[in-house]
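final_31.txt, holding compact mmCIF, C-alpha atoms:
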# COMPACT_ATOMS: atom_id res chain seq x y z
CA MET A 1 114.76 100.71 112.49
CA SER A 2 112.22 100.89 109.69
CA SER A 3 109.60 103.60 109.94
CA THR A 4 107.66 103.60 106.65
CA VAL A 5 105.77 101.00 104.64
CA PHE A 6 108.57 101.12 102.06
CA ASP A 7 111.23 99.71 104.39
CA SER A 8 108.99 97.96 106.93
CA ALA A 9 109.63 94.28 107.48
CA LEU A 10 105.85 93.88 107.68
CA PHE A 11 104.63 95.99 104.77
CA ARG A 12 107.48 96.51 102.30
CA ASP A 13 106.40 93.78 99.89
CA MET A 14 102.83 95.11 99.93
CA PHE A 15 103.93 98.63 98.93
CA GLY A 16 106.95 97.75 96.82
CA THR A 17 108.94 94.84 95.44
CA ALA A 18 112.44 93.60 96.22
CA GLU A 19 113.39 94.17 92.58
CA MET A 20 112.32 97.81 92.57
CA ARG A 21 113.84 98.44 95.99
CA GLY A 22 117.09 97.15 94.56
CA VAL A 23 116.99 99.79 91.83
CA PHE A 24 116.50 102.61 94.33
CA SER A 25 118.54 101.30 97.26
CA ASP A 26 121.31 103.43 98.78
CA LYS A 27 123.90 101.03 97.41
CA ALA A 28 122.47 101.20 93.90
CA LEU A 29 122.26 104.99 94.02
CA ILE A 30 125.85 105.42 95.16
CA GLU A 31 126.98 102.91 92.54
CA ARG A 32 125.19 105.00 89.90
CA TYR A 33 127.01 108.10 91.18
CA ILE A 34 130.30 106.23 90.78
CA GLU A 35 129.24 104.95 87.35
CA VAL A 36 128.68 108.51 86.19
CA GLU A 37 131.98 109.76 87.63
CA VAL A 38 133.87 106.91 85.95
CA ALA A 39 132.05 107.46 82.65
CA LEU A 40 132.89 111.18 82.87
CA ALA A 41 136.59 110.42 83.34
CA ARG A 42 136.58 108.05 80.37
CA ALA A 43 134.70 110.56 78.21
CA GLU A 44 137.15 113.33 79.12
CA ALA A 45 140.09 111.07 78.33
CA ARG A 46 138.57 110.29 74.91
CA CYS A 47 138.27 114.03 74.30
CA GLY A 48 141.82 114.79 75.46
CA VAL A 49 140.69 116.73 78.53
CA ILE A 50 142.38 114.47 81.13
CA PRO A 51 145.14 111.84 80.77
CA THR A 52 144.04 108.40 79.64
CA ASP A 53 145.96 106.64 82.41
CA ALA A 54 144.21 108.83 84.99
CA ALA A 55 140.81 107.77 83.62
CA GLU A 56 141.86 104.12 83.74
CA GLN A 57 143.02 104.53 87.34
CA ILE A 58 139.74 106.20 88.30
CA ALA A 59 137.76 103.40 86.64
CA THR A 60 139.78 100.71 88.42
CA LEU A 61 139.84 102.16 91.92
CA SER A 62 136.41 103.81 92.21
CA GLN A 63 134.54 101.03 93.93
CA TYR A 64 131.58 101.14 96.31
CA GLU A 65 133.32 98.73 98.69
CA ALA A 66 136.21 101.19 99.17
CA LEU A 67 133.97 103.92 100.59
CA ASP A 68 133.55 104.88 104.24
CA LEU A 69 129.75 105.04 104.21
CA ALA A 70 129.41 106.29 107.78
CA LEU A 71 131.67 109.25 106.97
CA MET A 72 129.82 109.87 103.73
CA GLN A 73 126.47 109.90 105.55
CA HIS A 74 127.77 112.32 108.19
CA GLU A 75 129.22 114.71 105.63
CA THR A 76 126.13 114.51 103.44
CA GLU A 77 124.06 115.86 106.32
CA ILE A 78 126.50 118.75 106.69
CA VAL A 79 126.85 119.59 103.00
CA GLY A 80 123.26 118.86 102.08
CA TYR A 81 124.22 116.72 99.08
CA PRO A 82 126.16 113.44 98.78
CA ILE A 83 128.43 114.24 95.84
CA LEU A 84 131.08 116.40 97.51
CA PRO A 85 131.63 113.78 100.26
CA LEU A 86 131.78 111.08 97.58
CA VAL A 87 134.24 113.01 95.40
CA GLU A 88 136.49 113.69 98.37
CA GLN A 89 136.71 109.97 99.12
CA LEU A 90 137.16 108.95 95.49
CA SER A 91 139.91 111.54 95.05
CA LYS A 92 141.84 109.99 97.94
CA ILE A 93 141.15 106.42 96.83
CA CYS A 94 142.39 107.13 93.29
CA GLY A 95 145.72 108.63 94.43
CA GLU A 96 147.47 110.78 91.84
CA ALA A 97 144.59 110.30 89.41
CA GLY A 98 142.19 111.60 92.01
CA ARG A 99 142.83 115.20 90.96
CA TYR A 100 140.81 114.47 87.79
CA VAL A 101 137.72 113.03 89.50
CA HIS A 102 134.58 115.11 88.83
CA TRP A 103 136.50 117.33 86.38
CA GLY A 104 134.29 120.19 85.16
CA ALA A 105 131.12 118.71 86.67
CA THR A 106 128.67 120.03 89.23
CA THR A 107 126.81 118.09 91.89
CA GLN A 108 123.50 118.14 90.07
CA ASP A 109 125.10 116.76 86.90
CA ILE A 110 126.09 113.61 88.74
CA MET A 111 122.90 113.26 90.75
CA ASP A 112 120.53 113.90 87.86
CA THR A 113 122.33 111.49 85.56
CA ALA A 114 122.42 108.83 88.27
CA VAL A 115 118.68 109.22 88.83
CA VAL A 116 118.09 108.88 85.08
CA LEU A 117 120.05 105.61 85.15
CA GLN A 118 117.81 104.44 87.98
CA VAL A 119 114.68 105.56 86.13
CA ARG A 120 115.83 103.70 83.01
CA ALA A 121 116.18 100.48 85.00
CA ALA A 122 112.88 101.07 86.78
CA LEU A 123 110.99 101.78 83.57
CA ALA A 124 112.30 98.51 82.12
CA ILE A 125 110.66 96.70 85.05
CA VAL A 126 107.43 98.65 84.60
CA GLU A 127 107.45 97.91 80.87
CA ARG A 128 107.86 94.18 81.49
CA ASP A 129 105.06 94.15 84.06
CA ILE A 130 102.70 96.12 81.82
CA GLN A 131 103.24 93.51 79.11
CA THR A 132 102.40 90.78 81.64
CA VAL A 133 99.20 92.54 82.66
CA ARG A 134 98.26 93.01 78.99
CA GLY A 135 98.69 89.30 78.37
CA LEU A 136 96.52 88.37 81.35
CA LEU A 137 93.78 90.81 80.37
CA ALA A 138 93.85 89.57 76.80
CA GLY A 139 93.43 86.01 78.03
CA LEU A 140 90.45 86.96 80.18
CA ALA A 141 88.88 88.97 77.37
CA GLU A 142 89.18 86.06 74.96
CA ARG A 143 87.98 83.43 77.43
CA TYR A 144 84.92 85.39 78.52
CA ARG A 145 84.17 87.03 75.17
CA ASP A 146 80.59 85.77 75.15
CA THR A 147 79.88 85.56 78.90
CA PRO A 148 76.88 87.83 79.54
CA MET A 149 76.64 90.03 82.60
CA ALA A 150 74.95 93.21 83.66
CA GLY A 151 76.54 96.42 82.51
CA ARG A 152 76.16 99.10 85.17
CA THR A 153 76.02 102.88 84.97
CA HIS A 154 75.61 105.05 88.07
CA LEU A 155 75.71 101.75 90.02
CA GLN A 156 72.43 100.69 88.35
CA HIS A 157 71.74 97.99 85.79
CA ALA A 158 72.11 99.61 82.38
CA LEU A 159 72.39 97.14 79.47
CA PRO A 160 73.87 93.66 79.13
CA ILE A 161 77.58 93.39 78.30
CA THR A 162 80.01 90.50 78.46
CA PHE A 163 82.76 90.02 80.99
CA GLY A 164 85.16 89.72 78.08
CA TYR A 165 84.08 93.17 76.94
CA LYS A 166 84.82 94.59 80.40
CA CYS A 167 88.28 93.02 80.29
CA ALA A 168 88.82 94.41 76.79
CA VAL A 169 88.09 97.91 78.09
CA TRP A 170 90.70 97.36 80.80
CA LEU A 171 93.10 95.98 78.19
CA SER A 172 92.72 99.02 75.97
CA MET A 173 94.08 101.24 78.74
CA PHE A 174 97.22 99.14 79.05
CA ASP A 175 97.70 99.05 75.29
CA ARG A 176 97.84 102.84 75.43
CA HIS A 177 100.16 102.76 78.43
CA ALA A 178 102.54 100.53 76.46
CA GLU A 179 102.50 103.07 73.63
CA ARG A 180 103.05 105.96 76.04
CA LEU A 181 106.04 104.24 77.58
CA VAL A 182 107.72 103.69 74.21
CA GLU A 183 107.20 107.36 73.37
CA LEU A 184 108.25 108.60 76.82
CA ARG A 185 111.56 106.82 77.29
CA PRO A 186 113.61 108.78 74.69
CA ARG A 187 112.43 112.03 76.28
CA VAL A 188 113.35 110.92 79.79
CA GLU A 189 116.48 108.81 79.38
CA ILE A 190 118.70 111.84 78.79
CA GLY A 191 121.76 112.55 80.88
CA GLN A 192 122.87 115.77 82.52
CA PHE A 193 126.29 117.37 82.18
CA ALA A 194 126.45 121.13 82.09
CA GLY A 195 128.59 122.51 84.89
CA ALA A 196 127.88 125.00 87.62
CA ALA A 197 125.36 127.28 85.89
CA GLY A 198 124.63 124.98 82.98
CA THR A 199 126.99 126.59 80.45
CA LEU A 200 129.91 124.12 80.53
CA ALA A 201 132.22 127.10 80.95
CA SER A 202 134.79 125.08 82.91
CA LEU A 203 135.65 122.94 79.86
CA GLY A 204 136.03 125.72 77.34
CA ASP A 205 135.40 124.59 73.79
CA LYS A 206 135.49 120.90 74.83
CA GLY A 207 132.25 121.02 76.82
CA LEU A 208 129.77 119.77 74.26
CA GLU A 209 132.21 117.15 72.99
CA VAL A 210 132.64 115.77 76.51
CA GLN A 211 128.89 115.91 77.09
CA GLU A 212 128.25 113.80 73.98
CA ALA A 213 131.04 111.35 74.87
CA LEU A 214 129.68 110.96 78.41
CA MET A 215 126.21 110.13 77.17
CA SER A 216 127.72 107.65 74.74
CA GLU A 217 129.54 105.96 77.63
CA LEU A 218 126.27 105.65 79.58
CA GLY A 219 123.95 104.86 76.68
CA LEU A 220 121.83 107.94 77.37
CA GLY A 221 120.46 110.63 75.12
CA VAL A 222 122.28 113.94 74.69
CA PRO A 223 120.30 116.84 76.17
CA GLN A 224 118.94 119.50 73.84
CA ALA A 225 119.78 122.03 76.53
CA THR A 226 120.70 121.98 80.20
CA TRP A 227 117.78 120.67 82.26
CA HIS A 228 118.94 121.58 85.77
CA VAL A 229 115.69 123.51 86.19
CA ALA A 230 113.68 122.02 83.29
CA ARG A 231 112.13 119.02 85.04
CA ASP A 232 109.37 118.09 82.61
CA GLY A 233 110.95 114.72 81.79
CA LEU A 234 110.85 113.43 85.34
CA ALA A 235 107.43 115.02 85.88
CA GLU A 236 106.15 113.21 82.78
CA THR A 237 107.55 109.95 84.12
CA LEU A 238 105.72 110.17 87.43
CA ASN A 239 102.51 111.30 85.78
CA PHE A 240 102.82 108.29 83.48
CA LEU A 241 103.04 106.13 86.60
CA GLY A 242 99.96 107.96 87.85
CA LEU A 243 98.11 106.90 84.70
CA VAL A 244 99.22 103.28 85.03
CA THR A 245 98.30 102.99 88.69
CA GLY A 246 95.08 104.91 88.04
CA SER A 247 94.08 102.24 85.52
CA LEU A 248 95.04 99.53 87.99
CA GLY A 249 92.96 101.30 90.61
CA LYS A 250 89.95 101.32 88.25
CA ILE A 251 90.30 97.57 87.71
CA ALA A 252 90.67 97.08 91.46
CA LEU A 253 87.53 99.08 92.21
CA ASP A 254 85.48 97.10 89.68
CA ILE A 255 86.68 93.78 91.06
CA MET A 256 86.19 94.84 94.68
CA MET A 257 82.59 95.73 93.93
CA MET A 258 82.05 92.54 91.94
CA MET A 259 83.39 90.60 94.95
CA THR A 260 80.71 91.98 97.26
CA SER A 261 78.42 89.39 98.84
CA GLU A 262 75.49 90.87 96.93
CA LEU A 263 77.16 90.39 93.54
CA GLY A 264 79.68 87.55 93.94
CA GLU A 265 80.66 87.67 90.24
CA VAL A 266 84.44 87.40 90.59
CA TYR A 267 86.90 86.66 93.38
CA GLU A 268 90.58 87.18 93.92
CA PRO A 269 92.59 83.93 93.91
CA PHE A 270 92.05 81.78 96.96
CA VAL A 271 95.06 81.46 99.23
CA LYS A 272 94.43 80.02 102.67
CA GLY A 273 94.17 82.86 105.15
CA ARG A 274 94.40 85.63 102.55
CA GLY A 275 91.81 88.30 103.19
CA ALA A 276 90.71 86.64 106.40
CA SER A 277 89.18 88.50 109.36
CA SER A 278 90.27 88.11 112.96
CA THR A 279 86.62 87.84 114.05
CA MET A 280 84.56 86.84 110.99
CA PRO A 281 85.62 83.46 109.57
CA GLN A 282 83.45 83.85 106.47
CA LYS A 283 85.33 86.90 105.17
CA ARG A 284 87.32 86.87 101.92
CA ASN A 285 88.50 90.44 101.59
CA PRO A 286 89.91 91.83 98.31
CA ILE A 287 93.48 92.34 99.52
CA SER A 288 95.24 92.78 96.17
CA CYS A 289 92.57 95.20 95.00
CA GLU A 290 92.81 97.21 98.20
CA LEU A 291 96.57 97.57 97.77
CA MET A 292 96.19 98.55 94.11
CA TYR A 293 93.56 101.11 95.07
CA ALA A 294 95.81 102.57 97.77
CA ALA A 295 98.81 102.67 95.44
CA ALA A 296 96.86 104.69 92.89
CA LYS A 297 96.19 107.34 95.51
CA GLY A 298 99.81 107.42 96.65
CA VAL A 299 101.28 107.72 93.16
CA ARG A 300 98.78 110.44 92.30
CA GLN A 301 100.12 112.50 95.19
CA HIS A 302 103.71 112.02 94.03
CA ALA A 303 102.76 112.90 90.45
CA GLY A 304 101.29 116.13 91.78
CA LEU A 305 104.42 116.76 93.82
CA MET A 306 106.52 116.42 90.67
CA LEU A 307 104.34 118.94 88.85
CA ASP A 308 104.84 121.31 91.77
CA ALA A 309 108.60 120.66 91.69
CA MET A 310 108.74 121.84 88.07
CA ILE A 311 108.40 125.43 89.28
CA GLN A 312 112.04 126.23 90.01
CA ASP A 313 113.88 129.50 90.47
CA PHE A 314 116.48 130.78 88.00
CA GLU A 315 119.31 128.36 87.05
CA ARG A 316 119.30 126.18 90.18
CA SER A 317 116.38 125.53 92.47
CA THR A 318 116.08 126.12 96.19
CA GLY A 319 113.96 123.24 97.43
CA PRO A 320 111.89 121.71 94.61
CA TRP A 321 114.77 119.48 93.51
CA GLN A 322 114.94 117.82 96.90
CA ALA A 323 111.22 117.00 96.68
CA GLU A 324 112.04 114.74 93.74
CA TRP A 325 114.23 112.60 96.00
CA ILE A 326 111.07 111.68 97.91
CA ALA A 327 108.67 111.35 95.01
CA ILE A 328 110.59 109.30 92.45
CA PRO A 329 111.59 106.21 94.48
CA GLU A 330 108.27 106.01 96.31
CA ALA A 331 106.20 106.37 93.12
CA PHE A 332 108.15 103.59 91.44
CA ALA A 333 107.88 101.38 94.53
CA LEU A 334 104.09 101.80 94.67
CA SER A 335 103.76 101.25 90.92
CA ALA A 336 105.78 98.05 91.05
CA ALA A 337 103.71 96.81 93.98
CA SER A 338 100.46 97.57 92.19
CA LEU A 339 101.55 95.86 88.99
CA GLY A 340 102.69 92.86 91.02
CA GLN A 341 99.38 92.63 92.86
CA ALA A 342 97.51 92.94 89.55
CA THR A 343 99.56 90.13 88.05
CA PHE A 344 98.83 87.84 90.99
CA MET A 345 95.15 88.73 91.07
CA LEU A 346 94.42 88.56 87.33
CA ALA A 347 96.39 85.34 86.85
CA GLY A 348 94.17 83.51 89.35
CA LEU A 349 90.94 85.47 89.10
CA GLU A 350 87.91 83.29 89.88
CA VAL A 351 85.10 84.21 87.49
CA ARG A 352 81.54 83.09 88.31
CA PRO A 353 79.50 83.16 85.06
CA GLU A 354 76.49 81.65 86.84
CA ARG A 355 76.34 84.57 89.28
CA MET A 356 76.73 87.00 86.42
CA ARG A 357 73.73 85.41 84.73
CA LYS A 358 71.72 85.37 87.96
CA ASN A 359 72.40 89.06 88.53
CA LEU A 360 71.61 89.80 84.89
CA ASP A 361 68.18 88.23 85.39
CA MET A 362 67.63 90.01 88.71
CA THR A 363 65.35 92.66 87.20
CA GLN A 364 63.32 90.10 85.23
CA GLY A 365 64.00 91.62 81.84
CA LEU A 366 63.99 95.31 82.77
CA ILE A 367 67.66 95.56 81.80
CA VAL A 368 66.67 95.08 78.16
CA ALA A 369 63.81 97.57 78.09
CA GLU A 370 65.72 99.39 75.37
CA ALA A 371 65.64 96.27 73.19
CA VAL A 372 61.84 96.09 73.43
CA MET A 373 61.54 99.81 72.72
CA MET A 374 63.68 99.48 69.60
CA GLY A 375 61.67 96.41 68.56
CA LEU A 376 58.41 98.40 68.78
CA ALA A 377 59.79 101.63 67.31
CA PRO A 378 59.42 100.72 63.60
CA ALA A 379 55.66 100.26 64.11
CA LEU A 380 54.90 102.85 66.77
CA GLY A 381 57.68 105.43 66.37
CA ARG A 382 60.47 105.82 68.84
CA GLN A 383 58.76 108.15 71.31
CA VAL A 384 55.49 106.23 71.49
CA ALA A 385 57.44 102.98 71.84
CA HIS A 386 59.42 104.58 74.66
CA ASP A 387 56.24 105.57 76.47
CA VAL A 388 54.71 102.10 76.08
CA VAL A 389 57.80 100.37 77.44
CA TYR A 390 58.19 102.98 80.18
CA ALA A 391 54.69 102.24 81.40
CA ALA A 392 55.36 98.51 81.30
CA CYS A 393 58.54 99.00 83.35
CA ARG A 394 56.61 100.93 85.98
CA MET A 395 54.01 98.17 86.14
CA ALA A 396 56.70 95.49 86.46
CA ASN A 397 58.37 97.41 89.27
CA ASP A 398 55.14 98.13 91.13
CA GLN A 399 53.73 94.61 90.86
CA GLY A 400 57.02 92.69 91.10
CA THR A 401 56.47 90.95 87.78
CA SER A 402 58.70 90.48 84.77
CA LEU A 403 58.87 92.96 81.93
CA LEU A 404 57.44 90.28 79.63
CA ASP A 405 54.39 89.77 81.85
CA ALA A 406 53.82 93.52 82.07
CA LEU A 407 54.03 93.85 78.27
CA LEU A 408 51.59 90.97 77.81
CA ALA A 409 49.18 92.56 80.27
CA GLN A 410 49.33 95.93 78.54
CA GLY A 411 48.24 94.98 75.07
CA GLU A 412 50.03 97.71 73.08
CA ALA A 413 53.12 95.55 72.59
CA THR A 414 51.26 92.34 71.73
CA ALA A 415 49.37 94.21 69.05
CA GLN A 416 52.68 94.69 67.24
CA LEU A 417 54.85 91.73 68.25
CA ASP A 418 54.03 88.08 68.85
CA LEU A 419 54.90 86.17 72.02
CA ALA A 420 58.02 84.54 70.58
CA GLU A 421 59.44 87.90 69.52
CA LEU A 422 58.68 89.47 72.90
CA GLN A 423 60.34 86.52 74.65
CA ARG A 424 63.41 86.98 72.47
CA LEU A 425 63.55 90.72 73.09
CA THR A 426 63.25 90.35 76.87
CA ASP A 427 66.10 87.82 77.16
CA PRO A 428 69.22 89.81 78.18
CA ALA A 429 71.54 87.32 76.49
CA ASN A 430 70.09 88.39 73.13
CA TYR A 431 71.02 92.05 73.58
CA LEU A 432 74.78 92.12 73.87
CA GLY A 433 75.24 94.56 71.03
CA LEU A 434 78.69 94.35 69.48
CA ALA A 435 80.42 93.58 72.77
CA PRO A 436 81.92 90.27 71.51
CA GLN A 437 83.14 91.90 68.31
CA MET A 438 84.71 94.70 70.30
CA VAL A 439 86.65 92.06 72.20
CA ASP A 440 87.96 90.73 68.89
CA ILE A 441 89.07 94.20 67.84
CA ALA A 442 90.85 94.77 71.14
CA LEU A 443 92.64 91.42 70.91
CA ALA A 444 93.68 92.00 67.31
CA ARG A 445 95.01 95.46 68.12
CA GLN A 446 97.33 94.33 70.88
CA GLY A 447 98.61 91.34 68.94
CA ALA A 448 96.63 88.56 70.63
CA VAL A 449 95.20 85.70 68.62
CA LYS A 450 91.62 86.40 67.65
CA ARG A 451 88.95 84.05 68.91
Now, as a test, write the supplied structure out as structure tokens.
Amino acid sequence: MSSTVFDSALFRDMFGTAEMRGVFSDKALIERYIEVEVALARAEARCGVIPTDAAEQIATLSQYEALDLALMQHETEIVGYPILPLVEQLSKICGEAGRYVHWGATTQDIMDTAVVLQVRAALAIVERDIQTVRGLLAGLAERYRDTPMAGRTHLQHALPITFGYKCAVWLSMFDRHAERLVELRPRVEIGQFAGAAGTLASLGDKGLEVQEALMSELGLGVPQATWHVARDGLAETLNFLGLVTGSLGKIALDIMMMMTSELGEVYEPFVKGRGASSTMPQKRNPISCELMYAAAKGVRQHAGLMLDAMIQDFERSTGPWQAEWIAIPEAFALSAASLGQATFMLAGLEVRPERMRKNLDMTQGLIVAEAVMMGLAPALGRQVAHDVVYAACRMANDQGTSLLDALLAQGEATAQLDLAELQRLTDPANYLGLAPQMVDIALARQGAVKR
């Protein structure tokens, strides 16, 4: 029976993906344990530590399908770890060669290296999905480069921007995430083989040679030093996922607010019944955004848990290590789900330029009060110009008129600027700053074709 959103028949594809679940499934994990044990035998045979024919026998006979999983589960509960039960079964399965299974290793060597293999596969999925999101954001930024809308600070109209500019800001975050991932992977994709207390004492002078050969077999980096209790690599990984899902959560929050009935500037893709209410037929709720927003909160908690789990006692921890078993799979599941929801949502995002323009004009020119102030400043000085425009804004607000009408009624502005210039200055579409050019820079930087 399922009991969490991660394995629920109802919710699992909202809080994870089948692909990511496959990476972290029980079967995949046990197969990674076996992969490491087989690679260790081959590495030790290469280094003359165990017989070559024994390594070949171990590689041939160590198969997931040969295991008694019910027995392994029962013994794991007793031992507290799955490797001893696994090694006992593999030793029997491999016959005479079984005496060389797990030679010189400790439980955490196998488990840590297996998790790194899982993380490597999971990060490849995340990397692919980040590239997809980058491409979608670049397309939106280019398409809506010149589409004016209200920029908002503190939930108030601030200055005009373009929707393309907003998308370029989102894109810039994912450009940096792509860079972070390239830099992070060599630090994280490092195997573990160090023996009971991390000194490789059981292999004598062959320890480091076997360690290097094992990592070569698995395609992993060789550790600088034993990392049984140095967990910064895995902590960095989950905090990276926290950054990615945090950025997705920011996008989700913006789009959710832009989907409100009062704004109506963008909408998630229409799918019949998606976002519907059981009692209100008119509803079109932001389902993808809500899931992205929730995922950001969940991954943040797991990132914090990993930071906490870094604080470990002496040469082998008593508890923090087990916390990683919870945090790593769930953080990757939530991240994959969020990236998947973002891909669906951004690929079919409905953008309403006409509503953006209507909302931009909502304050009848007040949003470009700065433009008028800067237009008057050369003649009046900045502070006097500020005071003149400030008074006009108050008049416009009090009387419900446009900023242009208030300026015309005042007289101070018309003494310096003619009607045509005041009309130009009070049109929000004429005060976009360098927003379109910033889109071009963002697109050029991430390799997209410039407009």
Between CA of Met149 in chain A and CA of Leu360 in chain A, what is the distance, to one decimal in Å?
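Interatomic distance here is 5.5 Å.
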Hey, what's within 10 Å of Leu117 in chain A if we count all atoms listed in the file and toss same-chain stuff fewer than 6 positions away? As an NGL selection string, please?
:A and (23 or 29 or 32-33 or 35-36 or 111 or 123 or 189-191 or 218-220)
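The shortest atom-to-atom distance to Tyr267 in chain A, with only C-alpha atoms taken into account, belongs to A:Val351 out of A:Val351, A:Leu291, A:Leu241, A:Leu203.
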Starting from the point (113.2, 116.7, 95.5), work out which residues of protein, DNA or RNA have an atom no more than 12 Å away when counting only C-alpha atoms; state them as a ChimeraX atom specification.
/A:81,108,111-112,115,229,231,234-235,302,305-312,317-330
Min atom-atom distance to Ala294 in chain A from the set A:Ile30, A:Leu346, A:Met14, A:Ala138, counting only C-alpha atoms, belongs to A:Met14
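CA of Glu31 in chain A is positioned 22.1 Å from CA of Thr52 in chain A.
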Residue among A:Ser3, A:Gln57, A:Asn359, A:Thr199 lying closest to Lys92 in chain A, counting only C-alpha atoms
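Checking each candidate against Lys92 in chain A, we get A:Gln57 as the closest.
Excluding Ala178 in chain A and any residue on its chain fewer than 2 positions from it, the residues at most 8 Å away by only C-alpha atoms are Glu127, Ile130, Gln131, Phe174, Asp175, Arg176, Arg180, Leu181 and Val182 of chain A.
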